[in-house]
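Colleague: Contents of final_26.cif (mmCIF, C-alpha atoms and all ligand atoms) are given next:
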```cif
data_work
#
loop_
_atom_site.label_atom_id
_atom_site.label_comp_id
_atom_site.auth_asym_id
_atom_site.auth_seq_id
_atom_site.Cartn_x
_atom_site.Cartn_y
_atom_site.Cartn_z
CA MET A 1 120.70 123.67 68.03
CA LEU A 2 118.33 126.11 66.39
CA ILE A 3 116.94 125.01 63.02
CA LEU A 4 114.99 127.54 60.97
CA SER A 5 113.17 126.98 57.70
CA CYS A 6 114.21 129.65 55.21
CA PRO A 7 111.02 130.90 53.52
CA ASN A 8 113.05 131.96 50.47
CA CYS A 9 114.71 128.67 49.53
CA GLY A 10 112.57 126.27 51.57
CA GLU A 11 115.57 124.62 53.22
CA LEU A 12 115.78 123.63 56.85
CA LYS A 13 118.82 125.60 57.90
CA ASP A 14 120.95 124.79 60.87
CA GLU A 15 121.88 127.83 62.99
CA THR A 16 125.47 127.53 61.75
CA GLU A 17 124.31 128.11 58.16
CA LEU A 18 122.62 131.37 59.13
CA SER A 19 123.71 134.83 60.21
CA ALA A 20 121.78 136.50 63.01
CA GLY A 21 120.51 139.95 62.03
CA GLY A 22 119.25 141.16 65.39
CA GLU A 23 115.84 142.37 66.40
CA ALA A 24 113.08 142.47 63.79
CA HIS A 25 110.75 145.27 62.78
CA LEU A 26 112.85 148.25 63.83
CA THR A 27 111.74 151.59 62.50
CA ARG A 28 114.63 153.57 61.13
CA PHE A 29 115.06 157.09 62.46
CA GLY A 30 117.63 159.01 60.44
CA PRO A 31 118.53 162.64 59.71
CA GLY A 32 115.93 165.07 61.02
CA SER A 33 114.62 162.76 63.74
CA SER A 34 114.64 163.66 67.41
CA ASP A 35 117.62 162.70 69.55
CA SER A 36 115.55 160.25 71.57
CA ASP A 37 114.08 158.56 68.47
CA PHE A 38 117.55 158.27 66.96
CA GLU A 39 119.00 156.90 70.19
CA GLY A 40 116.18 154.39 70.40
CA TYR A 41 116.75 153.27 66.83
CA LEU A 42 120.45 152.83 67.42
CA PHE A 43 120.56 151.34 70.88
CA ASN A 44 117.24 150.30 72.43
CA ARG A 45 116.61 146.60 71.91
CA GLU A 46 114.26 144.09 73.41
CA ASN A 47 115.91 141.32 75.42
CA PRO A 48 112.97 139.08 76.25
CA LYS A 49 112.86 135.77 78.02
CA GLY A 50 110.25 134.19 75.81
CA VAL A 51 108.66 135.32 72.56
CA HIS A 52 111.02 137.19 70.27
CA PHE A 53 111.06 138.33 66.66
CA GLU A 54 114.37 138.41 64.83
CA ARG A 55 115.99 138.91 61.45
CA TRP A 56 118.15 136.14 60.02
CA ARG A 57 120.08 135.75 56.79
CA CYS A 58 120.41 132.48 54.89
CA SER A 59 124.13 133.17 54.54
CA SER A 60 125.33 129.63 53.76
CA GLY A 61 122.42 129.19 51.41
CA CYS A 62 120.26 131.37 49.19
CA GLY A 63 121.68 134.56 50.69
CA LYS A 64 118.29 136.12 51.43
CA TRP A 65 117.00 137.72 54.61
CA PHE A 66 113.93 136.50 56.47
CA HIS A 67 112.17 136.89 59.81
CA ALA A 68 111.79 134.31 62.56
CA ALA A 69 109.59 134.12 65.64
CA ARG A 70 110.97 131.98 68.43
CA CYS A 71 111.09 131.54 72.19
CA THR A 72 114.44 132.66 73.61
CA ALA A 73 113.98 130.47 76.69
CA THR A 74 113.33 127.15 74.92
CA ASN A 75 114.43 127.86 71.33
CA GLU A 76 110.98 126.68 70.20
CA VAL A 77 110.41 128.10 66.72
CA PHE A 78 106.94 129.54 66.08
CA GLY A 79 107.60 130.20 62.43
CA THR A 80 109.56 132.07 59.80
CA TYR A 81 108.20 134.66 57.40
CA SER A 82 109.08 137.16 54.71
CA ALA A 83 111.60 139.91 55.32
CA GLN A 84 109.39 142.32 53.39
CA VAL A 85 106.93 143.04 56.21
CA THR A 86 107.00 145.59 59.03
CA GLU A 87 105.26 143.39 61.60
CA PRO A 88 104.61 139.66 62.10
CA PRO A 89 101.82 138.32 59.87
CA GLN A 90 98.60 137.15 61.50
CA GLU A 91 99.30 133.44 61.00
CA ILE A 92 102.56 133.75 62.92
CA ARG A 93 100.83 135.69 65.73
CA ASP A 94 98.15 133.00 65.87
CA VAL A 95 100.80 130.32 66.38
CA VAL A 96 102.49 132.37 69.10
CA SER A 97 99.13 133.05 70.81
CA ALA A 98 98.27 129.35 70.78
CA LYS A 99 101.59 128.38 72.35
CA ARG A 100 102.26 131.39 74.60
CA PRO A 101 98.84 132.81 75.60
CA GLY A 102 99.11 136.39 76.84
CA TRP A 103 102.45 137.07 75.12
CA THR A 104 103.62 140.61 74.57
CA TRP A 105 106.51 142.05 72.57
CA ARG A 106 107.04 145.80 72.24
CA ASP A 107 103.54 147.08 71.37
CA LEU A 108 102.37 143.71 69.99
CA SER A 109 100.35 141.13 71.86
CA MET B 110 143.76 122.64 35.85
CA SER B 111 144.04 121.47 39.45
CA GLU B 112 142.77 117.98 38.78
CA ARG B 113 143.64 115.56 41.57
CA VAL B 114 142.32 112.37 43.13
CA PHE B 115 142.23 111.12 46.71
CA GLU B 116 141.32 107.51 47.39
CA GLY B 117 140.45 106.51 50.93
CA ALA B 118 137.24 105.04 52.29
CA ALA B 119 135.65 107.30 49.68
CA THR B 120 137.08 108.89 46.56
CA VAL B 121 137.39 112.64 46.11
CA ARG B 122 138.24 114.07 42.73
CA GLN B 123 138.83 117.68 41.82
CA LEU B 124 137.41 117.92 38.32
CA PRO B 125 138.70 120.01 35.42
CA GLN B 126 137.26 123.48 35.09
CA ARG B 127 133.64 123.52 34.02
CA GLY B 128 131.75 126.35 32.39
CA MET B 129 129.53 128.06 34.97
CA ILE B 130 127.21 130.94 34.27
CA THR B 131 125.27 132.86 36.90
CA VAL B 132 121.85 133.89 35.64
CA ARG B 133 119.87 136.27 37.83
CA GLY B 134 116.54 137.99 37.42
CA ASP B 135 112.87 137.42 37.99
CA MET B 136 112.25 133.67 37.62
CA THR B 137 109.34 134.24 35.27
CA ASP B 138 111.69 136.21 32.99
CA LEU B 139 114.47 133.64 33.29
CA ALA B 140 112.04 130.94 32.18
CA LYS B 141 112.17 132.54 28.71
CA ALA B 142 115.83 131.58 28.41
CA VAL B 143 116.32 128.56 30.64
CA LYS B 144 114.30 125.51 31.66
CA VAL B 145 113.92 126.46 35.34
CA PRO B 146 114.36 123.51 37.71
CA ALA B 147 112.19 123.08 40.80
CA GLN B 148 113.32 124.82 43.98
CA GLY B 149 116.23 122.98 45.59
CA THR B 150 117.02 120.81 42.58
CA VAL B 151 119.31 120.56 39.60
CA ALA B 152 117.81 119.49 36.28
CA GLY B 153 120.01 118.85 33.28
CA ASN B 154 122.69 121.54 33.37
CA VAL B 155 120.71 124.10 35.40
CA ALA B 156 120.67 124.40 39.20
CA TRP B 157 118.25 126.40 41.37
CA MET B 158 120.38 128.72 43.53
CA SER B 159 117.85 131.11 45.07
CA PRO B 160 114.47 132.65 44.18
CA ASP B 161 116.23 134.94 41.68
CA GLU B 162 119.32 132.99 40.68
CA LEU B 163 120.16 129.99 38.53
CA LEU B 164 123.48 128.32 37.79
CA VAL B 165 123.93 127.13 34.21
CA MET B 166 126.75 124.65 33.60
CA CYS B 167 128.32 123.70 30.29
CA PRO B 168 131.65 122.59 28.83
CA HIS B 169 134.12 125.39 29.49
CA GLU B 170 134.77 126.10 25.83
CA GLU B 171 131.03 126.73 25.23
CA VAL B 172 130.63 129.48 27.84
CA GLY B 173 130.88 132.36 25.39
CA ALA B 174 128.27 130.98 23.03
CA GLN B 175 125.96 130.04 25.92
CA ILE B 176 126.16 133.54 27.37
CA ASP B 177 125.37 135.13 24.03
CA ALA B 178 122.36 132.85 23.60
CA LEU B 179 121.07 133.52 27.12
CA ARG B 180 121.45 137.29 26.82
CA ALA B 181 119.68 137.29 23.47
CA LYS B 182 116.67 135.58 25.01
CA LEU B 183 116.58 137.97 27.98
CA ILE B 184 116.69 141.26 26.07
CA GLY B 185 114.19 143.68 27.59
CA THR B 186 114.21 142.06 31.03
CA HIS B 187 116.15 143.12 34.11
CA HIS B 188 118.76 140.38 34.31
CA LEU B 189 122.37 139.37 34.89
CA VAL B 190 124.23 136.73 32.87
CA GLU B 191 127.86 136.38 33.88
CA ASP B 192 130.69 133.89 33.40
CA VAL B 193 131.79 132.71 36.86
CA SER B 194 133.81 129.69 35.68
CA ASP B 195 137.09 131.11 36.96
CA ALA B 196 135.56 131.75 40.38
CA ARG B 197 134.55 128.15 40.91
CA ALA B 198 136.17 124.84 41.75
CA ILE B 199 134.29 121.57 41.29
CA PHE B 200 134.72 118.25 43.06
CA GLU B 201 133.23 114.79 42.76
CA ILE B 202 132.71 112.80 45.97
CA SER B 203 131.87 109.13 45.74
CA ASP B 204 129.60 108.90 48.79
CA GLY B 205 127.40 110.98 51.06
CA GLU B 206 129.09 110.06 54.32
CA THR B 207 132.05 112.23 53.46
CA LEU B 208 129.74 115.22 53.05
CA ALA B 209 127.70 114.33 56.13
CA LYS B 210 130.85 114.75 58.21
CA LEU B 211 131.39 118.29 56.92
CA CYS B 212 127.98 119.81 56.19
CA PRO B 213 124.94 120.38 58.45
CA VAL B 214 122.71 118.57 55.97
CA ASP B 215 120.71 115.34 56.17
CA VAL B 216 122.68 113.91 53.27
CA ALA B 217 121.25 110.39 53.70
CA ARG B 218 117.81 111.67 52.73
CA MET B 219 118.92 113.44 49.56
CA GLU B 220 117.47 112.04 46.36
CA PRO B 221 119.28 112.20 43.01
CA GLY B 222 118.75 115.65 41.54
CA ARG B 223 118.56 117.33 44.94
CA PHE B 224 120.69 120.48 45.05
CA ARG B 225 121.71 121.98 48.40
CA ARG B 226 123.60 125.15 49.20
CA THR B 227 125.26 125.01 52.59
CA ARG B 228 128.67 125.24 54.21
CA LEU B 229 131.53 122.75 53.89
CA ALA B 230 133.24 123.03 57.27
CA GLN B 231 133.84 126.81 57.22
CA ILE B 232 133.30 127.70 53.56
CA ALA B 233 130.26 128.19 51.38
CA CYS B 234 129.46 125.42 48.93
CA ALA B 235 126.68 123.76 46.98
CA PHE B 236 126.39 120.09 46.18
CA TRP B 237 123.98 117.77 44.47
CA LYS B 238 123.38 114.06 44.20
CA LYS B 239 123.79 112.29 40.89
CA GLU B 240 121.91 109.26 39.62
CA ASP B 241 124.75 106.89 40.54
CA GLY B 242 124.68 108.04 44.17
CA SER B 243 127.84 110.12 43.98
CA PHE B 244 127.90 113.87 44.53
CA GLU B 245 129.29 116.92 42.81
CA LEU B 246 130.25 119.95 44.85
CA VAL B 247 131.13 123.49 43.85
CA CYS B 248 132.86 126.15 45.94
CA PHE B 249 134.86 129.28 45.28
CA SER B 250 138.18 128.59 43.57
CA SER B 251 139.87 130.84 46.14
CA VAL B 252 139.15 128.18 48.77
CA ALA B 253 139.66 125.12 46.57
CA ASP B 254 142.69 123.94 48.55
CA TYR B 255 140.73 124.23 51.80
CA ALA B 256 137.87 122.21 50.28
CA TRP B 257 140.32 119.63 48.99
CA GLY B 258 141.91 119.35 52.44
CA VAL B 259 138.71 118.83 54.41
CA LEU B 260 137.15 116.55 51.79
CA SER B 261 140.13 114.25 51.49
CA ASN B 262 140.52 114.17 55.28
CA ALA B 263 136.85 113.24 55.73
CA ALA B 264 137.05 110.66 52.94
CA ALA B 265 140.07 108.93 54.45
CA THR B 266 138.26 106.78 57.01
CA PRO B 267 134.82 105.13 56.95
CA VAL B 268 132.10 105.93 59.49
CA ALA B 269 131.46 102.69 61.34
CA HIS B 270 128.02 103.51 62.70
CA PHE B 271 126.48 104.42 59.34
CA SER B 272 125.02 101.44 57.56
CA GLY B 273 123.43 101.05 54.15
ZN ZN C 1 117.46 130.37 52.10
#
```
Would you put the structure from the file into structure tokens?

Modeller:
Amino acid sequence: MLILSCPNCGELKDETELSAGGEAHLTRFGPGSSDSDFEGYLFNRENPKGVHFERWRCSSGCGKWFHAARCTATNEVFGTYSAQVTEPPQEIRDVVSAKRPGWTWRDLS
Amino acid sequence: MSERVFEGAATVRQLPQRGMITVRGDMTDLAKAVKVPAQGTVAGNVAWMSPDELLVMCPHEEVGAQIDALRAKLIGTHHLVEDVSDARAIFEISDGETLAKLCPVDVARMEPGRFRRTRLAQIACAFWKKEDGSFELVCFSSVADYAWGVLSNAAATPVAHFSG
């Protein structure tokens, strides 16, 4: 069972109280973008075995979105952080680096 | 309204309609109108719902006056004050074991005044612990019968392995 701490309401939320929002930190490509950028925005997703960054919503709770960093292989949670950022904050990356040295995810490492 | 009582290992009571007012806005603004409780708690008649939402409870007949008073204090701020009494059902549950069967919450560790939004089986709810150790729970009135069903079923039999 995955348990995430919602940074908005401070509660420890069981996976069944949350809604998964898919991959984090996507850049939206809309009207006027190239076909390949638009296709990438719509369809291309990471599917890592290991470090992953995701969006979650505290749906049976405060209702707010947040981000989570976890390991898809072990479900170890590295941390949760604000939804209002476009990449993981340094303190989250430091935790990931300490626990998974040499990790990479998209263009992050 | 739909008041009813179930007595099993625990007692579940659907309580008469209570006045409930949703107050939303920036918490620093809301503090001008309401005594804001700490995150995850209920204090007096006000519950902390989310970083930008409070629930104010009062006798149902006082809702109109309460809303007028709240709006008057929030003039000039970006806010929402709305009567949601008709959208809510409220229950009293005599012990935490009943809730522990239905909600993914460590109910045994809840202190009086603790307010927790979660799910009750498959529906959204919020409940809090009172000084006497009993709980009050609110959910949408549209699912009141579902809440009544799962609560009274869970309250019917004791949980042997829980002690104290
Ligand atoms: Zn939350």

Colleague: Can I get the residues close to ligand ZN 1 (chain C) as a PyMOL selection string, where close means within 7 Å and we count all atoms listed in the file?

Modeller: chain A and resi 6-11+58+61-64

Colleague: Would you kindly return, as JSON, numbers by chain, each protein, DNA or RNA residue with an atom no farther than 7 Å from any atom of stretch 230-233 of chain B, considering only C-alpha atoms and excluding same-chain residues fewer than 6 positions away?

Modeller: {"A": [60], "B": [211, 212, 248]}

Colleague: May I have the residues within 12 Å of B:Val252 as a PyMOL selection string, using only C-alpha atoms and disregarding those fewer than 5 positions away in the same chain?

Modeller: chain B and resi 196-199+229-234+247+257-259

Colleague: Neighbours of A:Arg45 within 9 Å (only C-alpha atoms; same-chain residues fewer than 5 positions away dropped), as an NGL selection string?

Modeller: :A and (22-23 or 40)

Colleague: What is the atom CA of B:Asp138 to atom CA of A:Leu12 distance in Å?

Modeller: 27.3 Å

Colleague: Between atom CA of B:Gly149 and atom CA of B:Arg180, what is the spacing in Å?

Modeller: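 Interatomic distance, atom CA of B:Arg180 to atom CA of B:Gly149: 24.2 Å.
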
Colleague: For atom CA of B:Ser251 and atom CA of B:Asp177, quote the distance in Å rounded to one decimal.

Modeller: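 For atom CA of B:Ser251 relative to atom CA of B:Asp177, the distance reads 26.8 Å.
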